[in-house]
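A.B. asks: entry_25.tsv is reproduced below (TSV, C-alpha atoms and all ligand atoms).
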```
chain	number	residue	atom	x	y	z
T	298	MET	CA	19.55	29.28	25.60
T	299	LYS	CA	15.97	28.05	25.27
T	300	TYR	CA	16.81	24.61	23.91
T	301	GLN	CA	19.48	21.94	24.01
T	302	TYR	CA	21.22	20.76	20.86
T	303	SER	CA	22.89	17.82	19.18
T	304	TYR	CA	23.81	16.85	15.64
T	305	SER	CA	20.44	15.10	15.12
T	306	ARG	CA	18.45	18.03	16.51
T	307	ILE	CA	20.19	20.54	14.24
T	308	LYS	CA	19.73	18.26	11.26
T	309	GLN	CA	16.06	17.74	12.04
T	310	TYR	CA	15.41	21.49	12.35
T	311	LEU	CA	17.11	22.10	9.01
T	312	GLN	CA	14.92	19.44	7.41
T	313	CYS	CA	11.66	20.54	8.97
T	314	PRO	CA	11.30	23.03	11.85
T	315	LEU	CA	7.85	21.69	12.78
T	316	SER	CA	9.09	18.13	13.28
T	317	PHE	CA	11.91	19.54	15.47
T	318	LYS	CA	9.35	21.41	17.58
T	319	LEU	CA	7.00	18.46	17.93
T	320	GLN	CA	9.79	16.09	18.90
T	321	TYR	CA	12.09	18.20	21.05
T	322	ILE	CA	9.97	21.07	22.39
T	323	ASP	CA	6.50	19.54	22.65
T	324	LYS	CA	8.12	16.16	23.32
T	325	LEU	CA	5.40	14.15	21.61
T	326	PRO	CA	5.94	10.41	22.08
T	327	ILE	CA	7.67	8.67	19.18
T	328	PRO	CA	7.09	5.01	18.44
T	329	LYS	CA	10.36	3.36	17.40
T	330	SER	CA	10.39	1.53	14.09
T	331	LYS	CA	11.91	-1.94	13.88
T	332	ALA	CA	14.85	-0.51	11.91
T	333	LEU	CA	15.61	1.93	14.74
T	334	LEU	CA	15.30	-0.80	17.37
T	335	VAL	CA	17.65	-3.07	15.41
T	336	GLY	CA	20.12	-0.17	15.13
T	337	SER	CA	19.98	0.44	18.85
T	338	CYS	CA	20.35	-3.29	19.62
T	339	VAL	CA	23.42	-3.59	17.33
T	340	HIS	CA	25.01	-0.59	19.06
T	341	GLN	CA	24.51	-2.30	22.41
T	342	ILE	CA	25.98	-5.57	21.13
T	343	LEU	CA	29.06	-3.74	19.85
T	344	GLU	CA	29.41	-1.70	23.01
T	345	GLN	CA	29.24	-4.70	25.33
T	346	ILE	CA	31.44	-6.94	23.19
T	347	VAL	CA	34.16	-4.33	22.68
T	348	LYS	CA	34.12	-3.54	26.41
T	349	SER	CA	34.42	-7.24	27.21
T	350	LEU	CA	37.31	-7.56	24.75
T	351	ILE	CA	39.12	-4.70	26.47
T	352	THR	CA	38.61	-5.98	30.00
T	353	SER	CA	38.84	-9.76	29.59
T	354	GLY	CA	39.96	-10.37	25.99
T	355	SER	CA	36.93	-12.61	25.40
T	356	ILE	CA	33.79	-12.34	23.30
T	357	PRO	CA	30.63	-13.24	25.20
T	358	GLU	CA	27.75	-15.06	23.50
T	359	ILE	CA	24.91	-12.75	22.47
T	360	PHE	CA	22.44	-14.43	24.86
T	361	MET	CA	24.70	-13.44	27.77
T	362	LEU	CA	24.47	-9.73	26.96
T	363	ASN	CA	22.05	-7.37	28.62
T	364	LEU	CA	20.21	-5.94	25.60
T	365	ILE	CA	17.43	-3.56	26.60
T	366	ASP	CA	15.36	-0.95	24.79
T	367	ASP	CA	14.75	2.67	25.85
T	368	ASN	CA	11.99	1.57	28.19
T	369	GLY	CA	14.35	-0.75	30.05
T	370	LEU	CA	12.70	-3.86	28.58
T	371	PRO	CA	14.47	-6.66	26.69
T	372	PHE	CA	14.33	-6.21	22.91
T	373	GLN	CA	11.81	-8.40	21.08
T	374	PRO	CA	13.32	-11.69	19.77
T	375	ASP	CA	12.97	-10.65	16.09
T	376	VAL	CA	14.97	-7.47	16.79
T	377	VAL	CA	17.73	-9.40	18.58
T	378	GLU	CA	17.73	-11.97	15.78
T	379	GLU	CA	18.31	-9.35	13.07
T	380	ALA	CA	20.88	-7.48	15.19
T	381	THR	CA	22.76	-10.74	15.86
T	382	MET	CA	22.77	-11.54	12.15
T	383	LEU	CA	24.33	-8.13	11.40
T	384	TRP	CA	26.90	-8.56	14.16
T	385	ASP	CA	27.83	-12.06	12.92
T	386	LYS	CA	28.45	-10.71	9.44
T	387	TYR	CA	30.40	-7.71	10.72
T	388	LYS	CA	32.66	-9.62	13.10
T	389	VAL	CA	34.04	-11.92	10.40
T	390	SER	CA	35.91	-9.16	8.64
T	391	ASN	CA	36.13	-6.45	11.27
T	392	LEU	CA	36.84	-7.91	14.64
T	393	GLN	CA	40.48	-8.66	13.99
T	394	ILE	CA	41.18	-5.15	12.73
T	395	ILE	CA	39.94	-3.50	15.94
T	396	LYS	CA	43.13	-2.47	17.72
T	397	LEU	CA	42.29	-2.89	21.38
T	398	HIS	CA	45.29	-0.89	22.61
T	399	GLU	CA	44.02	2.14	20.69
T	400	ILE	CA	40.48	2.20	22.06
T	401	ALA	CA	40.11	5.25	24.27
T	402	SER	CA	36.38	5.11	24.88
T	403	VAL	CA	33.22	3.22	23.93
T	404	GLU	CA	29.77	4.84	23.85
T	405	ALA	CA	31.14	7.90	25.63
T	406	GLU	CA	28.76	10.76	26.39
T	407	PHE	CA	30.04	14.31	25.87
T	408	ALA	CA	28.13	17.45	26.84
T	409	ILE	CA	29.09	21.13	27.06
T	410	ASP	CA	27.30	24.20	28.42
T	411	HIS	CA	27.09	27.51	26.54
T	412	ASN	CA	30.52	28.53	27.93
T	413	PHE	CA	31.91	25.35	26.29
T	414	LYS	CA	32.61	23.89	29.71
T	415	GLN	CA	32.19	20.13	29.87
T	416	VAL	CA	29.18	19.21	31.99
T	417	HIS	CA	27.32	16.06	32.94
T	418	TRP	CA	25.14	14.54	30.20
T	419	LEU	CA	21.98	15.31	32.18
T	420	ASP	CA	23.04	18.72	33.51
T	421	LYS	CA	20.25	21.27	33.07
T	422	ASN	CA	22.72	23.73	31.48
T	423	VAL	CA	23.68	21.45	28.61
T	424	PHE	CA	24.00	23.37	25.36
T	425	PHE	CA	25.29	20.60	23.07
T	426	ARG	CA	25.58	16.82	23.41
T	427	ALA	CA	27.06	13.93	21.46
T	428	LYS	CA	27.26	10.26	22.26
T	429	ILE	CA	30.22	8.85	20.33
T	430	ASP	CA	30.21	5.13	19.56
T	431	ARG	CA	33.96	4.61	19.86
T	432	ILE	CA	37.12	6.71	19.94
T	433	ASP	CA	40.43	5.14	18.99
T	434	GLU	CA	43.53	7.08	19.86
T	435	ASN	CA	47.24	6.67	19.37
T	436	GLU	CA	49.99	9.22	19.82
T	437	ASP	CA	48.84	11.83	17.35
T	438	ILE	CA	45.70	10.46	15.68
T	439	LEU	CA	42.23	10.59	17.12
T	440	ASN	CA	39.77	8.41	15.21
T	441	ILE	CA	36.09	8.93	15.96
T	442	ILE	CA	34.10	5.85	14.96
T	443	ASP	CA	30.39	6.00	14.29
T	444	TYR	CA	28.47	2.78	13.62
T	445	LYS	CA	25.72	2.91	11.03
T	446	THR	CA	23.08	0.26	10.42
T	447	GLY	CA	21.03	1.79	7.59
T	448	TYR	CA	21.60	2.22	3.88
T	449	ASN	CA	21.94	6.01	3.91
T	450	GLU	CA	25.22	7.58	2.92
T	451	PRO	CA	27.09	9.02	5.93
T	452	ASP	CA	26.68	12.73	6.59
T	453	ILE	CA	29.96	14.62	6.67
T	454	PHE	CA	28.29	17.32	8.80
T	455	GLN	CA	27.98	14.73	11.59
T	456	ALA	CA	31.73	14.08	11.36
T	457	PHE	CA	32.53	17.77	11.69
T	458	VAL	CA	30.06	18.28	14.56
T	459	TYR	CA	31.64	15.47	16.60
T	460	ALA	CA	35.14	16.79	15.95
T	461	TRP	CA	34.01	20.32	16.86
T	462	LEU	CA	32.50	19.17	20.16
T	463	LEU	CA	35.62	17.21	21.12
T	464	SER	CA	37.77	20.22	20.24
T	465	LYS	CA	35.81	22.23	22.83
T	466	ILE	CA	36.52	19.66	25.52
T	467	ARG	CA	40.20	19.04	24.92
T	468	ASP	CA	43.11	20.54	23.05
T	469	LEU	CA	43.32	18.88	19.66
T	470	SER	CA	45.62	21.42	18.02
T	471	ASN	CA	48.43	18.92	17.42
T	472	THR	CA	46.18	15.97	16.74
T	473	LYS	CA	45.13	14.59	13.41
T	474	ILE	CA	41.37	14.01	13.65
T	475	GLU	CA	39.74	11.30	11.56
T	476	ILE	CA	36.21	10.06	11.58
T	477	THR	CA	35.21	6.64	10.33
T	478	PHE	CA	31.63	5.68	9.55
T	479	ASP	CA	31.53	1.94	9.98
T	480	ASN	CA	28.42	0.48	8.37
T	481	ILE	CA	27.52	-2.78	10.09
T	482	ARG	CA	24.93	-3.68	7.46
T	483	THR	CA	26.78	-2.91	4.23
T	484	LEU	CA	30.26	-3.40	5.76
T	485	LYS	CA	31.33	-0.14	4.12
T	486	HIS	CA	33.90	2.06	5.89
T	487	THR	CA	33.98	5.74	5.05
T	488	LYS	CA	36.75	7.83	6.48
T	489	TYR	CA	37.07	11.63	6.61
T	490	ILE	CA	40.00	13.71	7.77
T	491	VAL	CA	38.88	16.78	9.70
T	492	SER	CA	40.89	20.00	9.39
T	493	ASP	CA	40.96	23.06	11.66
T	494	GLY	CA	39.14	24.93	8.89
T	495	ASN	CA	36.31	22.36	8.94
T	496	ILE	CA	35.94	22.80	12.68
T	497	CYS	CA	35.86	26.57	12.36
T	498	ASP	CA	33.25	26.42	9.55
T	499	VAL	CA	31.05	23.99	11.41
T	500	GLU	CA	31.17	26.14	14.54
T	501	ASN	CA	29.95	29.16	12.56
T	502	PHE	CA	27.25	27.06	10.98
T	503	ILE	CA	26.09	25.66	14.34
T	504	PHE	CA	25.95	29.15	15.88
T	505	LYS	CA	23.97	30.53	12.94
T	506	THR	CA	21.50	27.64	13.04
T	507	VAL	CA	21.13	27.83	16.82
T	508	ALA	CA	20.40	31.57	16.55
T	509	LEU	CA	17.75	30.77	13.95
T	510	ILE	CA	16.11	28.14	16.14
T	511	GLU	CA	16.23	30.24	19.30
T	512	THR	CA	14.40	33.09	17.57
T	513	ASP	CA	11.97	30.98	15.55
T	514	ASP	CA	8.41	31.54	16.70
T	515	LYS	CA	6.64	29.75	13.84
T	516	PHE	CA	8.38	26.40	13.35
T	517	GLU	CA	6.93	25.99	9.89
T	518	ALA	CA	6.32	22.55	8.39
T	519	VAL	CA	8.65	22.04	5.44
T	520	PRO	CA	7.73	18.97	3.35
T	521	ASN	CA	10.79	16.91	2.46
T	522	GLU	CA	11.79	13.43	1.35
T	523	ASN	CA	11.47	12.13	4.92
T	524	CYS	CA	7.80	13.07	5.32
T	525	SER	CA	6.69	9.51	4.61
T	526	PHE	CA	8.74	8.35	7.63
T	527	CYS	CA	7.75	11.30	9.82
T	528	HIS	CA	6.15	10.31	13.12
T	529	PHE	CA	4.10	13.50	13.10
T	530	TYR	CA	2.55	12.99	9.72
T	531	ASN	CA	-0.95	12.76	11.22
T	532	ASP	CA	-0.49	15.98	13.19
T	533	CYS	CA	1.12	17.90	10.35
T	534	PRO	CA	-1.09	20.78	9.17
T	535	LYS	CA	0.61	20.88	5.74
T	536	MET	CA	-0.26	17.27	5.10
T	537	GLN	CA	-3.87	17.74	6.19
T	538	ARG	CA	-4.14	20.87	4.03
T	539	ALA	CA	-2.74	19.05	1.02
T	540	ILE	CA	-5.58	16.57	1.15
T	541	SER	CA	-8.37	19.04	1.86
T	542	ASN	CA	-7.05	21.22	-0.99
T	543	VAL	CA	-7.24	18.52	-3.63
T	544	ASN	CA	-8.80	20.22	-6.62
T	545	THR	CA	-9.11	18.20	-9.79
T	546	ASP	CA	-9.95	21.30	-11.81
T	547	ILE	CA	-6.43	22.64	-11.40
T	548	ASN	CA	-5.26	25.27	-13.82
T	549	ILE	CA	-1.52	25.84	-13.94
T	550	THR	CA	-0.76	29.19	-15.54
T	551	SER	CA	2.34	30.41	-13.75
T	552	GLN	CA	5.58	29.22	-12.20
T	553	GLU	CA	4.10	29.96	-8.78
T	554	LEU	CA	1.00	27.82	-9.39
T	555	ALA	CA	3.15	25.06	-10.88
T	556	GLU	CA	5.28	24.99	-7.74
T	557	LYS	CA	2.20	25.00	-5.51
T	558	ALA	CA	0.71	22.14	-7.51
T	559	GLY	CA	4.00	20.25	-7.30
T	560	GLU	CA	4.08	20.63	-3.54
T	561	LEU	CA	0.47	19.48	-3.18
T	562	LEU	CA	1.08	16.52	-5.47
T	563	TYR	CA	4.15	15.54	-3.52
T	564	MET	CA	2.25	15.58	-0.24
T	565	ALA	CA	-0.79	13.87	-1.72
T	566	GLU	CA	1.46	11.03	-2.96
T	567	ILE	CA	2.78	10.52	0.54
T	568	TRP	CA	-0.79	10.54	1.81
T	569	VAL	CA	-1.81	7.95	-0.80
T	570	SER	CA	1.02	5.63	0.17
T	571	LYS	CA	0.23	5.94	3.90
T	572	CYS	CA	-3.48	5.47	3.22
T	573	LYS	CA	-2.79	2.34	1.14
T	574	ASP	CA	-0.84	0.76	3.99
T	575	LYS	CA	-3.66	1.43	6.43
T	576	LEU	CA	-6.32	0.27	3.98
T	577	LYS	CA	-4.40	-2.96	3.34
T	578	LYS	CA	-4.31	-3.64	7.05
T	579	TRP	CA	-8.03	-2.98	7.39
T	580	VAL	CA	-8.91	-5.13	4.39
T	581	ASP	CA	-6.72	-7.98	5.69
T	582	GLU	CA	-8.61	-7.94	8.96
T	583	ASN	CA	-12.11	-7.12	7.72
T	584	GLY	CA	-12.47	-8.26	4.11
T	585	CYS	CA	-13.18	-6.27	0.98
T	586	VAL	CA	-14.56	-2.72	0.73
T	587	SER	CA	-17.31	-1.30	-1.47
T	588	ILE	CA	-16.72	2.01	-3.22
T	589	SER	CA	-19.33	3.55	-5.43
T	590	THR	CA	-20.63	0.65	-7.56
T	591	GLY	CA	-17.53	-1.58	-7.20
T	592	THR	CA	-16.18	-3.95	-4.59
T	593	TYR	CA	-12.45	-3.84	-4.03
T	594	GLN	CA	-9.93	-6.15	-2.44
T	595	PHE	CA	-6.14	-6.30	-2.20
T	596	THR	CA	-4.75	-9.21	-4.13
T	597	THR	CA	-1.19	-10.25	-4.66
T	598	CYS	CA	-0.02	-9.70	-8.19
T	599	GLN	CA	2.49	-11.99	-9.82
T	600	ASN	CA	5.98	-11.10	-10.89
T	601	THR	CA	7.32	-12.79	-13.94
T	602	ILE	CA	10.96	-13.56	-13.30
T	603	ILE	CA	13.17	-14.65	-16.11
T	604	ASP	CA	16.68	-16.00	-16.46
T	605	THR	CA	18.08	-12.84	-18.03
T	606	GLU	CA	21.26	-14.30	-19.40
T	607	LYS	CA	19.52	-17.12	-21.24
T	608	PHE	CA	16.78	-14.74	-22.36
T	609	ILE	CA	19.26	-12.37	-24.02
T	610	GLN	CA	21.07	-15.27	-25.65
T	611	ARG	CA	17.82	-16.70	-26.98
T	612	CYS	CA	16.71	-13.32	-28.34
T	613	HIS	CA	19.99	-12.98	-30.19
T	614	GLU	CA	19.63	-16.44	-31.68
T	615	ASN	CA	16.21	-15.42	-32.96
T	616	HIS	CA	17.30	-11.97	-34.13
T	617	ILE	CA	15.18	-10.12	-31.58
T	618	ASN	CA	16.54	-7.09	-29.77
T	619	PRO	CA	16.02	-7.84	-26.04
T	620	ASN	CA	16.87	-4.35	-24.74
T	621	PRO	CA	13.47	-2.61	-25.07
T	622	MET	CA	11.87	-5.46	-23.16
T	623	LEU	CA	14.05	-5.34	-20.11
T	624	ASN	CA	13.32	-3.19	-17.08
T	625	ILE	CA	16.13	-1.34	-15.36
T	626	ASP	CA	16.65	-4.18	-12.89
T	627	LYS	CA	17.02	-6.48	-15.91
T	628	ALA	CA	15.01	-9.18	-14.19
T	629	LYS	CA	11.41	-8.43	-15.05
T	630	LEU	CA	10.08	-8.10	-18.54
T	631	LYS	CA	7.64	-5.51	-19.69
T	632	GLN	CA	4.43	-7.49	-19.88
T	633	LYS	CA	3.10	-6.13	-23.17
T	634	GLN	CA	6.15	-6.80	-25.31
T	635	PHE	CA	6.81	-10.00	-23.48
T	636	SER	CA	3.47	-11.54	-24.44
T	637	HIS	CA	4.63	-11.55	-28.11
T	638	ILE	CA	7.60	-13.74	-27.37
T	639	HIS	CA	6.07	-15.82	-24.63
T	640	GLU	CA	6.39	-19.05	-26.61
T	641	LEU	CA	10.05	-18.41	-27.24
T	642	VAL	CA	10.98	-18.01	-23.59
T	643	LYS	CA	8.29	-19.81	-21.62
T	644	ASP	CA	10.71	-22.42	-20.24
T	645	LEU	CA	12.88	-19.59	-18.77
T	646	ILE	CA	10.08	-18.12	-16.70
T	647	SER	CA	9.33	-18.48	-13.05
T	648	ILE	CA	6.48	-16.78	-11.24
T	649	GLU	CA	6.64	-15.29	-7.79
T	650	ASP	CA	4.33	-13.21	-5.62
T	651	GLY	CA	4.74	-9.51	-6.18
T	652	ALA	CA	3.22	-6.37	-4.68
T	653	ARG	CA	-0.32	-6.28	-3.33
T	654	ILE	CA	-2.61	-4.30	-5.60
T	655	PHE	CA	-6.04	-2.81	-4.94
T	656	LYS	CA	-8.22	-4.59	-7.44
T	657	LEU	CA	-11.85	-4.41	-8.50
T	658	LEU	CA	-13.57	-7.68	-7.55
T	659	LYS	CA	-17.01	-7.00	-8.97
T	660	ALA	CA	-18.87	-3.97	-10.24
P	701	LIG	S1	5.14	15.36	7.68
P	701	LIG	FE1	6.86	16.43	6.69
P	701	LIG	S2	6.27	18.60	6.73
P	701	LIG	FE2	4.98	17.54	8.23
P	701	LIG	S3	6.06	17.69	10.17
P	701	LIG	FE3	6.69	15.77	9.27
P	701	LIG	S4	8.57	16.27	8.13
P	701	LIG	FE4	7.52	18.19	8.56
```
In structure tokens, write the structure found in this file.

C.D. replies:
Amino acid sequence: MKYQYSYSRIKQYLQCPLSFKLQYIDKLPIPKSKALLVGSCVHQILEQIVKSLITSGSIPEIFMLNLIDDNGLPFQPDVVEEATMLWDKYKVSNLQIIKLHEIASVEAEFAIDHNFKQVHWLDKNVFFRAKIDRIDENEDILNIIDYKTGYNEPDIFQAFVYAWLLSKIRDLSNTKIEITFDNIRTLKHTKYIVSDGNICDVENFIFKTVALIETDDKFEAVPNENCSFCHFYNDCPKMQRAISNVNTDINITSQELAEKAGELLYMAEIWVSKCKDKLKKWVDENGCVSISTGTYQFTTCQNTIIDTEKFIQRCHENHINPNPMLNIDKAKLKQKQFSHIHELVKDLISIEDGARIFKLLKA
């Protein structure tokens, strides 16, 4: 085997082979976002608290825990603060339902070589790895628990991959395997039951994907919905090409050209949003910018917030249909229509700062 694998590596390759190559083969450094750091900090809080509960039956204060990032340094205070807030919310409803006598392992590292023999996590012959947040076990049920801290829906493929890996390490033929995704942020629990058929299917899928990766000599960039979060955006040839290919005189005459244009547009939109963020930062630090004959600056626009319930009631009293005026979130009114009824509802309005917009200051 040329490479080592895990659920995240397989998933990343399937999303975009180039990002897999840059991260896991070329090993380009990856700055961690605050969201990732908070996730990692919450995992450490849970690990240390559950371990303390098992050994001493007590819950230590957060400040007594040893919370460190990947570089061995303490997490920044704002990261610990957010992680603590999530933990505080989670513990209210979840702590009492953790059955200590069922906990078999916490943050356990599992690794196998290509003969499916269990090996050390750092062994050079590792074929596949998984770090499992918690495993609860009673006589005939094995429950794999994975903590989530984001808003994404859990991925059932991850559940099957974990179950598959454990089935390689120990005999699970008479065991009912469950996996629970425990979201610390949304407090949502999602449980899947894993069957022998699932394990068999996922094994075939893993082998097929691994064969694909091992023989890939191109590692093409495949634009996808995660491009705007991709750490390699600046090194991505597809993204650079999208911008240098911008052609305003575009003529779409076939399905093929339409799809090409769609792909370019998609990538250009990501570029625009990234560029805006960087421009905002520059303008904040350096003042306005001059483009052509105009001078531009970012200014905060205002959101008009309205008491929706009273607004609807008042519209009905005055025989006005409120529906066309309401946005999907039912909180902001469409400005144009709203100006006609401003007098009617002006006492229901409050103003708050909205998004920052790039605005012409003077021509
Ligand atoms: S920006 Fe998108 S296409 Fe480019 S490497 Fe990243 S994920 Fe792949």

A.B. asks: Using all atoms listed in the file, find the one residue out of T:Leu319, T:Ile466, T:Val569, T:Leu383 that sits nearest to Thr483 (chain T).

C.D. replies: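 So, comparing all the options, the nearest one is T:Leu383.
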
A.B. asks: Skip region 412-425 of chain T itself and residues of its chain fewer than 4 positions away, then list as a list of chain:residue names all residues within 9 Å of it, counting all atoms listed in the file.

C.D. replies: T:Met298, T:Tyr300, T:Gln301, T:Tyr302, T:Ser303, T:Tyr304, T:Glu406, T:Phe407, T:Ala408, T:Leu462, T:Lys465, T:Ile466

A.B. asks: Rank nothing, just name the residue among T:Glu582, T:Asp532, T:Asp443, T:Asp604 nearest to ligand LIG 701 (chain P), using all atoms listed in the file.

C.D. replies: T:Asp532

A.B. asks: For region 300-311 of chain T, I'd like the enclosing box, axis-aligned and padded by 4 Å on every side, reported as JSON with centre and edge lengths in Å to one decimal.

C.D. replies:
```
{"center_x": 19.6, "center_y": 19.9, "center_z": 16.5, "size_x": 16.4, "size_y": 17.5, "size_z": 23.0}
```

A.B. asks: Identify which of the residues T:Asn615, T:Thr512, T:Asn521, T:Asn583 lies closest to ligand LIG 701 (chain P), counting only C-alpha atoms and all ligand atoms when measuring atom-to-atom distances.

C.D. replies: T:Asn521

A.B. asks: Need the shell around region 333-346 of chain T: protein/DNA/RNA residues with any atom at most 6 Å away, counting all atoms listed in the file. Skip same-chain ones fewer than 4 positions apart. Format as a list in words?

C.D. replies: Ile356, Val376, Ala380 and Thr446 of chain T

A.B. asks: List every residue of chain T that has an atom at most 8 Å from any atom of ligand LIG 701 (chain P), and for each one report the closest atom pair and its distance in Å to one decimal, counting all atoms listed in the file, with rows sorted by chain and then by increasing residue number, as a tab-separated table.

C.D. replies:
```
residue	atom	partner	partner_atom	distance
T:Gln312	CA	P:LIG701	S4	7.1
T:Cys313	CA	P:LIG701	FE4	4.8
T:Pro314	CA	P:LIG701	FE4	7.0
T:Leu315	CA	P:LIG701	S3	5.1
T:Ser316	CA	P:LIG701	S3	4.4
T:Leu319	CA	P:LIG701	S3	7.9
T:Glu517	CA	P:LIG701	FE4	7.9
T:Ala518	CA	P:LIG701	S2	4.3
T:Val519	CA	P:LIG701	S2	4.4
T:Pro520	CA	P:LIG701	S2	3.7
T:Asn521	CA	P:LIG701	FE1	5.8
T:Glu522	CA	P:LIG701	FE1	7.9
T:Asn523	CA	P:LIG701	S4	6.0
T:Cys524	CA	P:LIG701	FE1	3.7
T:Ser525	CA	P:LIG701	S1	6.8
T:Phe526	CA	P:LIG701	FE3	7.9
T:Cys527	CA	P:LIG701	FE3	4.6
T:His528	CA	P:LIG701	FE3	6.7
T:Phe529	CA	P:LIG701	FE3	5.2
T:Tyr530	CA	P:LIG701	S1	4.1
T:Asn531	CA	P:LIG701	S1	7.5
T:Asp532	CA	P:LIG701	S3	7.4
T:Cys533	CA	P:LIG701	FE2	4.4
T:Pro534	CA	P:LIG701	FE2	6.9
T:Lys535	CA	P:LIG701	FE2	6.0
T:Met536	CA	P:LIG701	FE2	6.1
```

A.B. asks: Start from the incomplete input, build N, CA and C atoms for region 552-566 of chain T, and deliver everything as a PDB file, in the frame of the given file.

C.D. replies:
```pdb
ATOM      1  N   GLN T 552       4.549  29.966 -12.926  1.00  0.00           N
ATOM      2  CA  GLN T 552       5.580  29.220 -12.200  1.00  0.00           C
ATOM      3  C   GLN T 552       5.132  28.987 -10.756  1.00  0.00           C
ATOM      4  N   GLU T 553       4.513  30.037 -10.185  1.00  0.00           N
ATOM      5  CA  GLU T 553       4.100  29.960  -8.780  1.00  0.00           C
ATOM      6  C   GLU T 553       3.046  28.859  -8.587  1.00  0.00           C
ATOM      7  N   LEU T 554       2.054  28.838  -9.502  1.00  0.00           N
ATOM      8  CA  LEU T 554       1.000  27.820  -9.390  1.00  0.00           C
ATOM      9  C   LEU T 554       1.560  26.423  -9.650  1.00  0.00           C
ATOM     10  N   ALA T 555       2.535  26.361 -10.579  1.00  0.00           N
ATOM     11  CA  ALA T 555       3.150  25.060 -10.880  1.00  0.00           C
ATOM     12  C   ALA T 555       3.859  24.540  -9.636  1.00  0.00           C
ATOM     13  N   GLU T 556       4.565  25.433  -8.939  1.00  0.00           N
ATOM     14  CA  GLU T 556       5.280  24.990  -7.740  1.00  0.00           C
ATOM     15  C   GLU T 556       4.306  24.597  -6.635  1.00  0.00           C
ATOM     16  N   LYS T 557       3.222  25.326  -6.526  1.00  0.00           N
ATOM     17  CA  LYS T 557       2.200  25.000  -5.510  1.00  0.00           C
ATOM     18  C   LYS T 557       1.608  23.619  -5.820  1.00  0.00           C
ATOM     19  N   ALA T 558       1.297  23.420  -7.113  1.00  0.00           N
ATOM     20  CA  ALA T 558       0.710  22.140  -7.510  1.00  0.00           C
ATOM     21  C   ALA T 558       1.691  20.998  -7.235  1.00  0.00           C
ATOM     22  N   GLY T 559       2.974  21.278  -7.539  1.00  0.00           N
ATOM     23  CA  GLY T 559       4.000  20.250  -7.300  1.00  0.00           C
ATOM     24  C   GLY T 559       4.064  19.879  -5.834  1.00  0.00           C
ATOM     25  N   GLU T 560       3.999  20.896  -4.981  1.00  0.00           N
ATOM     26  CA  GLU T 560       4.080  20.630  -3.540  1.00  0.00           C
ATOM     27  C   GLU T 560       2.878  19.819  -3.067  1.00  0.00           C
ATOM     28  N   LEU T 561       1.686  20.208  -3.574  1.00  0.00           N
ATOM     29  CA  LEU T 561       0.470  19.480  -3.180  1.00  0.00           C
ATOM     30  C   LEU T 561       0.518  18.033  -3.666  1.00  0.00           C
ATOM     31  N   LEU T 562       1.009  17.871  -4.900  1.00  0.00           N
ATOM     32  CA  LEU T 562       1.080  16.520  -5.470  1.00  0.00           C
ATOM     33  C   LEU T 562       2.028  15.649  -4.652  1.00  0.00           C
ATOM     34  N   TYR T 563       3.150  16.246  -4.295  1.00  0.00           N
ATOM     35  CA  TYR T 563       4.150  15.540  -3.520  1.00  0.00           C
ATOM     36  C   TYR T 563       3.557  15.051  -2.189  1.00  0.00           C
ATOM     37  N   MET T 564       2.820  15.950  -1.534  1.00  0.00           N
ATOM     38  CA  MET T 564       2.250  15.580  -0.240  1.00  0.00           C
ATOM     39  C   MET T 564       1.095  14.601  -0.410  1.00  0.00           C
ATOM     40  N   ALA T 565       0.325  14.790  -1.490  1.00  0.00           N
ATOM     41  CA  ALA T 565      -0.790  13.870  -1.720  1.00  0.00           C
ATOM     42  C   ALA T 565      -0.258  12.460  -1.994  1.00  0.00           C
ATOM     43  N   GLU T 566       0.895  12.368  -2.690  1.00  0.00           N
ATOM     44  CA  GLU T 566       1.460  11.030  -2.960  1.00  0.00           C
ATOM     45  C   GLU T 566       1.857  10.336  -1.665  1.00  0.00           C
TER      46      GLU T 566
END
```
